[in-house]
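Chemist: Quick one: structure below, then a few questions.
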Amino acid sequence: MSVLSGKKVLIGVTAGIAAYKTANLVRLFIKAGAEVRVVMTPSAKDFITPLTLSTLSKNPVYSSFFEEEDENALWHNHVEMGIWADLMVIAPATANTLSKMVSGSSDNLLVATYLSAKCPVYFAPAMDLDMYNHPSTHQTFEKLQEYGNIMIPSESGELASGLVGPGRMAEPSTIVRFIENDILNKLPLKGTKVLITAGPTYEAIDPVRFIGNHSSGRMGVELAKAASNLGAHVNLILGPSSIQIEHSQIKVTRVVSAQEMFDTVVSLYNDCDIAIGAAAVADYRPKYVSDQKIKKTGGEFSIELERTNDILKWMGAEKKNQFLVGFALETQNEEENAKNKLKNKNLDLIVLNSLNDKGAGFKGQTNKVTLINHKFEIKAFDLKNKSEVAQDIFNEINTLKNE
Ligand code: C5P
């Protein structure tokens, strides 16, 4: 899956001959799973029609502040478009538009939108070689990059004038790859290894029965997805859960019992930077597991139980440079108990969810958490989807790790 999937991409098209290639550029962004809107300079319409780009992007294409021939026309809101975008790419970017971007001369919708954009802006210069080589053009490139814009280098080759040299707009596939790589390289967890335990554990009584719990594994799975979206390599150790997960950056190891989960954690813990114990691990298991199905008898029946390993506590004791996060599901004295766990298990952060809160806990799609860090600072969050909770948790981890 491309990092562009779900991203809102605003393409700005200016009046260069390479504008004909933007039809393909729109297609490639759409194929990568992005949502695309296009804004053009008025003269760009001489090179490619708005109809082509609106058909491919499935969105209206604007080139003026309002439709002049329509007296009831609505204002085309450049501020709204600038805020809407997760990223803006100006391709082809002519010398004229680039110099306007430097001076802030917003006499067309495209430059006004650029000035309103809060997102990263990429520009792919396209011009003839003499224009490209002119000192003023080089100053423009430098100034724009100084402002934080990202230049997608032009290629050298045959130009529309028939001359050969630098100034050809990068090919659409190169532009898309450049942006994908740039996003990947800037992800906050790039190169980080994250270990997550999730789901319940089942402790066998006999070949057909077990002691388990209601954990769905969803919170841990959402944490794994959030970590990989932030650029991490994730090892997810998942107890018996019905959730199916396939992701190139998430290695899933399926386990059943607390002992199997423990053994897997032991084999991976040294090689991780962040570890999160989100599993609802059984605290006890049957001391003796029957080989055969236990037959019922007339009287009472009891099972002798023994303690399982506390996996998180082991991780806390063995901690070197790892950032360690635990969960606490409490029904009473919530904060007090969570703080004790944070200390006893040598954690850097604990995620408290109370069974007293409606919609919180380990069964549903939502959770309501309170985060407590090693300084006992407390942050309470509203009821949210578990995917959003996972993002809140990683925001906090990133903040604490960078302190
Ligand atoms: O002490 P308590 O079980 O309430 O702590 C919960 C936290 O400890 C969770 O993060 C859970 O994943 C972890 N835990 C563990 N191994 C156990 C029991 C709990 O990793 N055997």
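Letters A, B, ... go to the chains of the structure tokens in the order shown; residues in each chain start at 1; ligands are counted from 1 in the same order.
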Residues within 6 Å of ligand 1 should be enumerated using only C-alpha atoms and all ligand atoms and returned as a short mmCIF file (atom, residue, chain, number, x, y, z; two decimals) with N, CA and C atoms, in the first residue's frame.
Modeler:
data_model
loop_
_atom_site.label_atom_id
_atom_site.label_comp_id
_atom_site.auth_asym_id
_atom_site.auth_seq_id
_atom_site.Cartn_x
_atom_site.Cartn_y
_atom_site.Cartn_z
N GLY A 277 2.75 -3.61 25.91
CA GLY A 277 2.01 -4.79 26.39
C GLY A 277 0.53 -4.47 26.40
N ALA A 278 -0.13 -4.78 25.28
CA ALA A 278 -1.57 -4.50 25.21
C ALA A 278 -2.38 -5.79 25.37
N ALA A 279 -1.70 -6.92 25.55
CA ALA A 279 -2.43 -8.19 25.63
C ALA A 279 -3.10 -8.34 27.00
N ALA A 280 -4.22 -9.05 26.97
CA ALA A 280 -4.88 -9.42 28.23
C ALA A 280 -4.39 -10.83 28.56
N VAL A 281 -3.24 -10.87 29.20
CA VAL A 281 -2.59 -12.17 29.45
C VAL A 281 -3.23 -12.82 30.67
N ALA A 282 -3.49 -14.12 30.57
CA ALA A 282 -4.06 -14.82 31.74
C ALA A 282 -3.04 -14.79 32.87
N ASP A 283 -3.52 -14.51 34.08
CA ASP A 283 -2.60 -14.47 35.23
C ASP A 283 -2.36 -15.87 35.78
N THR A 308 1.10 -17.55 35.77
CA THR A 308 1.86 -17.46 34.50
C THR A 308 2.97 -16.42 34.72
N ASN A 309 3.85 -16.28 33.75
CA ASN A 309 4.85 -15.20 33.83
C ASN A 309 4.16 -13.87 33.59
N ASP A 310 4.55 -12.86 34.33
CA ASP A 310 4.10 -11.50 34.01
C ASP A 310 5.06 -10.98 32.94
N ILE A 311 4.58 -10.97 31.70
CA ILE A 311 5.45 -10.66 30.55
C ILE A 311 5.95 -9.22 30.63
N LEU A 312 5.02 -8.32 30.95
CA LEU A 312 5.39 -6.90 31.00
C LEU A 312 6.40 -6.64 32.12
N GLY A 326 2.62 -0.02 29.14
CA GLY A 326 1.69 -1.06 29.60
C GLY A 326 0.26 -0.55 29.62
N PHE A 327 -0.65 -1.47 29.80
CA PHE A 327 -2.07 -1.13 29.93
C PHE A 327 -2.55 -1.51 31.33
N ALA A 328 -3.52 -0.79 31.80
CA ALA A 328 -4.14 -1.16 33.08
C ALA A 328 -5.64 -1.07 32.89
#
Chemist: Excluding Ser103 in chain A and residues on its chain fewer than 6 positions from it, collect all residues at most 10 Å away from it, counting only C-alpha atoms, and give them as a PyMOL selection string.
Modeler: chain A and resi 97+140+143-144
Chemist: Could you turn the residues from that selection into a file that holds N, CA and C atoms, as a PDB file, in the first residue's frame?
Modeler:
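Now in again_13.pdb:
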ATOM      1  N   THR A  97       5.297  31.325 -12.606  1.00  0.00           N
ATOM      2  CA  THR A  97       4.576  30.999 -11.367  1.00  0.00           C
ATOM      3  C   THR A  97       5.545  30.890 -10.190  1.00  0.00           C
ATOM      4  N   THR A 140      15.330  31.942  -7.497  1.00  0.00           N
ATOM      5  CA  THR A 140      13.944  31.563  -7.190  1.00  0.00           C
ATOM      6  C   THR A 140      13.908  30.187  -6.529  1.00  0.00           C
ATOM      7  N   LYS A 143      15.223  30.443  -2.975  1.00  0.00           N
ATOM      8  CA  LYS A 143      14.315  31.170  -2.076  1.00  0.00           C
ATOM      9  C   LYS A 143      13.133  30.258  -1.704  1.00  0.00           C
ATOM     10  N   LEU A 144      12.592  29.577  -2.725  1.00  0.00           N
ATOM     11  CA  LEU A 144      11.423  28.728  -2.464  1.00  0.00           C
ATOM     12  C   LEU A 144      11.774  27.604  -1.494  1.00  0.00           C
TER      13      LEU A 144
END
Chemist: Quick check, in Å to one decimal: how far apart do CA of Ser354 in chain A and CA of Ile237 in chain A lie?
Modeler: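 Rounded to one decimal, the two atoms are 23.9 Å apart.
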Chemist: Mind dumping a table of every range 41-139 of chain A residue within 10 Å of range 176-192 of chain A, with the nearest atom pair and its distance in Å to one decimal, using only C-alpha atoms, sorted by chain and rising number, as a Markdown table?
Modeler:
| residue | atom | partner | partner_atom | distance |
| --- | --- | --- | --- | --- |
| A:Leu87 | CA | A:Ile179 | CA | 9.4 |
| A:Val89 | CA | A:Ile179 | CA | 9.1 |
| A:Pro120 | CA | A:Ile183 | CA | 9.8 |
| A:Tyr122 | CA | A:Ile179 | CA | 8.0 |
Chemist: Run DSSP on the backbone of this structure and report the residues of range 38-157 of chain A it assigns to strand (DSSP E or B), as a list in words.
Modeler: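 In range 38-157 of chain A, DSSP puts these residues in strand (DSSP E or B): Val38, Val39, Met40, Val61, Tyr62, Leu87, Met88, Val89, Ile90, Ala91, Pro92, Ala93, Val121, Tyr122, Phe123, Ala124, Pro125, Ile150, Met151, Glu155, Ser156 and Gly157 of chain A.
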Chemist: Name all residues at most 6 Å from Ala124 in chain A (count only C-alpha atoms; drop same-chain ones fewer than 6 positions away) and give them as a list in words.
Modeler: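 Within the cut-off, the hits are Ala91, Pro92, Ala93 and Ile152 of chain A.
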Chemist: Take the residues that were just selected and, keeping N, CA and C atoms, output them as a PDB file, in the first residue's frame.
Modeler:
ATOM      1  N   ALA A  91       2.982  21.202 -10.661  1.00  0.00           N
ATOM      2  CA  ALA A  91       3.649  20.510 -11.767  1.00  0.00           C
ATOM      3  C   ALA A  91       2.798  20.637 -13.026  1.00  0.00           C
ATOM      4  N   PRO A  92       3.313  21.152 -14.107  1.00  0.00           N
ATOM      5  CA  PRO A  92       4.626  21.759 -14.211  1.00  0.00           C
ATOM      6  C   PRO A  92       4.637  23.110 -13.510  1.00  0.00           C
ATOM      7  N   ALA A  93       5.803  23.498 -12.977  1.00  0.00           N
ATOM      8  CA  ALA A  93       5.940  24.794 -12.339  1.00  0.00           C
ATOM      9  C   ALA A  93       6.788  25.672 -13.249  1.00  0.00           C
ATOM     10  N   ILE A 152      11.307  19.181  -6.790  1.00  0.00           N
ATOM     11  CA  ILE A 152      11.481  17.894  -7.472  1.00  0.00           C
ATOM     12  C   ILE A 152      12.329  18.196  -8.710  1.00  0.00           C
TER      13      ILE A 152
END
Chemist: Could you pull out the helix (DSSP H, G or I) residues of range 120-163 of chain A from DSSP and send them as a PyMOL selection string?
Modeler: chain A and resi 129-133+135-146
Chemist: For those residues, write N, CA, C and O atoms to a file as an mmCIF file, in the first residue's frame.
Modeler:
data_model
loop_
_atom_site.group_PDB
_atom_site.id
_atom_site.type_symbol
_atom_site.label_atom_id
_atom_site.label_comp_id
_atom_site.auth_asym_id
_atom_site.auth_seq_id
_atom_site.Cartn_x
_atom_site.Cartn_y
_atom_site.Cartn_z
ATOM 1 N N LEU A 129 15.932 25.401 -21.441
ATOM 2 C CA LEU A 129 17.218 25.371 -20.725
ATOM 3 C C LEU A 129 17.793 26.725 -20.385
ATOM 4 O O LEU A 129 18.375 26.903 -19.316
ATOM 5 N N ASP A 130 17.567 27.743 -21.281
ATOM 6 C CA ASP A 130 18.139 29.058 -20.982
ATOM 7 C C ASP A 130 17.403 29.721 -19.816
ATOM 8 O O ASP A 130 18.020 30.382 -18.984
ATOM 9 N N MET A 131 16.089 29.521 -19.786
ATOM 10 C CA MET A 131 15.317 30.040 -18.653
ATOM 11 C C MET A 131 15.766 29.316 -17.381
ATOM 12 O O MET A 131 15.933 29.912 -16.324
ATOM 13 N N TYR A 132 15.941 28.010 -17.520
ATOM 14 C CA TYR A 132 16.340 27.191 -16.361
ATOM 15 C C TYR A 132 17.703 27.634 -15.827
ATOM 16 O O TYR A 132 17.922 27.702 -14.622
ATOM 17 N N ASN A 133 18.624 27.948 -16.745
ATOM 18 C CA ASN A 133 19.987 28.305 -16.342
ATOM 19 C C ASN A 133 20.138 29.757 -15.900
ATOM 20 O O ASN A 133 21.194 30.156 -15.414
ATOM 21 N N PRO A 135 20.323 33.103 -13.850
ATOM 22 C CA PRO A 135 20.579 33.283 -12.409
ATOM 23 C C PRO A 135 19.322 33.590 -11.606
ATOM 24 O O PRO A 135 19.192 33.157 -10.453
ATOM 25 N N SER A 136 18.376 34.314 -12.202
ATOM 26 C CA SER A 136 17.160 34.659 -11.432
ATOM 27 C C SER A 136 16.356 33.394 -11.112
ATOM 28 O O SER A 136 15.748 33.282 -10.049
ATOM 29 N N THR A 137 16.377 32.436 -12.069
ATOM 30 C CA THR A 137 15.653 31.182 -11.819
ATOM 31 C C THR A 137 16.308 30.429 -10.657
ATOM 32 O O THR A 137 15.614 29.889 -9.788
ATOM 33 N N HIS A 138 17.626 30.426 -10.637
ATOM 34 C CA HIS A 138 18.322 29.716 -9.548
ATOM 35 C C HIS A 138 18.059 30.373 -8.206
ATOM 36 O O HIS A 138 17.869 29.695 -7.200
ATOM 37 N N GLN A 139 17.980 31.700 -8.232
ATOM 38 C CA GLN A 139 17.651 32.421 -6.994
ATOM 39 C C GLN A 139 16.243 32.054 -6.526
ATOM 40 O O GLN A 139 15.996 31.872 -5.335
ATOM 41 N N THR A 140 15.330 31.942 -7.497
ATOM 42 C CA THR A 140 13.944 31.563 -7.190
ATOM 43 C C THR A 140 13.908 30.187 -6.529
ATOM 44 O O THR A 140 13.252 29.996 -5.502
ATOM 45 N N PHE A 141 14.625 29.222 -7.130
ATOM 46 C CA PHE A 141 14.661 27.865 -6.550
ATOM 47 C C PHE A 141 15.145 27.920 -5.102
ATOM 48 O O PHE A 141 14.575 27.285 -4.211
ATOM 49 N N GLU A 142 16.238 28.673 -4.906
ATOM 50 C CA GLU A 142 16.825 28.739 -3.555
ATOM 51 C C GLU A 142 15.856 29.354 -2.558
ATOM 52 O O GLU A 142 15.665 28.849 -1.456
ATOM 53 N N LYS A 143 15.223 30.443 -2.975
ATOM 54 C CA LYS A 143 14.315 31.170 -2.076
ATOM 55 C C LYS A 143 13.133 30.258 -1.704
ATOM 56 O O LYS A 143 12.750 30.168 -0.537
ATOM 57 N N LEU A 144 12.592 29.577 -2.725
ATOM 58 C CA LEU A 144 11.423 28.728 -2.464
ATOM 59 C C LEU A 144 11.774 27.604 -1.494
ATOM 60 O O LEU A 144 10.985 27.244 -0.623
ATOM 61 N N GLN A 145 12.978 27.054 -1.644
ATOM 62 C CA GLN A 145 13.395 25.971 -0.741
ATOM 63 C C GLN A 145 13.676 26.523 0.660
ATOM 64 O O GLN A 145 13.384 25.874 1.651
ATOM 65 N N GLU A 146 14.180 27.750 0.703
ATOM 66 C CA GLU A 146 14.394 28.415 1.997
ATOM 67 C C GLU A 146 13.057 28.570 2.725
ATOM 68 O O GLU A 146 12.978 28.455 3.937
#
Chemist: Rounded to one decimal, what separation in Å do you get between CA of Thr331 in chain A and CA of Asn353 in chain A?
Modeler: 8.9 Å
Chemist: Using only C-alpha atoms for the distances, tell me which of A:Ile83, A:Met127, A:Leu268, A:Leu230 is nearest to Ala19 in chain A.
Modeler: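 Ranked by minimum distance to Ala19 in chain A, first place goes to A:Met127.
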Chemist: Quick one: residues within 7 Å of Gly16 in chain A, only C-alpha atoms counted, chain neighbours fewer than 4 positions away excluded, as a list in words?
Modeler: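 With the cut-off at 7 Å, the set is Ala44, Pro92, Thr94 and Ala126 of chain A.
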Chemist: For the residues selected in the previous step, produce a file with all heavy atoms as a PDB file, in the first residue's frame.
Modeler:
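New file out_34.pdb:
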ATOM      1  N   ALA A  44      -2.843  27.789 -18.256  1.00  0.00           N
ATOM      2  CA  ALA A  44      -2.595  26.340 -18.309  1.00  0.00           C
ATOM      3  C   ALA A  44      -3.681  25.633 -19.106  1.00  0.00           C
ATOM      4  O   ALA A  44      -3.467  24.563 -19.683  1.00  0.00           O
ATOM      5  CB  ALA A  44      -2.489  25.773 -16.899  1.00  0.00           C
ATOM      6  N   PRO A  92       3.313  21.152 -14.107  1.00  0.00           N
ATOM      7  CA  PRO A  92       4.626  21.759 -14.211  1.00  0.00           C
ATOM      8  C   PRO A  92       4.637  23.110 -13.510  1.00  0.00           C
ATOM      9  O   PRO A  92       3.613  23.793 -13.467  1.00  0.00           O
ATOM     10  CB  PRO A  92       4.799  21.927 -15.729  1.00  0.00           C
ATOM     11  CG  PRO A  92       3.408  22.046 -16.261  1.00  0.00           C
ATOM     12  CD  PRO A  92       2.557  21.188 -15.384  1.00  0.00           C
ATOM     13  N   THR A  94       6.158  26.679 -13.856  1.00  0.00           N
ATOM     14  CA  THR A  94       6.895  27.555 -14.801  1.00  0.00           C
ATOM     15  C   THR A  94       7.698  28.603 -14.029  1.00  0.00           C
ATOM     16  O   THR A  94       7.413  28.889 -12.860  1.00  0.00           O
ATOM     17  CB  THR A  94       5.914  28.289 -15.725  1.00  0.00           C
ATOM     18  OG1 THR A  94       4.999  29.009 -14.903  1.00  0.00           O
ATOM     19  CG2 THR A  94       5.148  27.333 -16.620  1.00  0.00           C
ATOM     20  N   ALA A 126       9.581  23.277 -14.817  1.00  0.00           N
ATOM     21  CA  ALA A 126       9.553  22.873 -16.228  1.00  0.00           C
ATOM     22  C   ALA A 126       9.741  24.126 -17.057  1.00  0.00           C
ATOM     23  O   ALA A 126       8.903  25.027 -17.014  1.00  0.00           O
ATOM     24  CB  ALA A 126       8.219  22.205 -16.552  1.00  0.00           C
TER      25      ALA A 126
END
Chemist: Name the closest residue to Asp86 in chain A among the candidates A:Ile11, A:Ala18, A:Val234, A:Val39; distances are taken between atoms, counting only C-alpha atoms.
Modeler: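 The shortest atom-to-atom distance to Asp86 in chain A comes from A:Ile11.
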Chemist: When you count only C-alpha atoms, which of these residues is closest to Val289 in chain A: A:Glu260, A:Glu318, A:Asp206, A:Glu246?
Modeler: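 Between A:Glu260, A:Glu318, A:Asp206, A:Glu246, the residue approaching Val289 in chain A most closely is A:Asp206.
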Chemist: Taking only C-alpha atoms into account, name the residue in A:Met81, A:Val256, A:Ser387, A:Asn213 that is nearest to Asn229 in chain A.
Modeler: A:Ser387
Chemist: State, in Å with one decimal place, the distance from CA of Leu115 in chain A to CA of Val36 in chain A.
Modeler: 18.8 Å
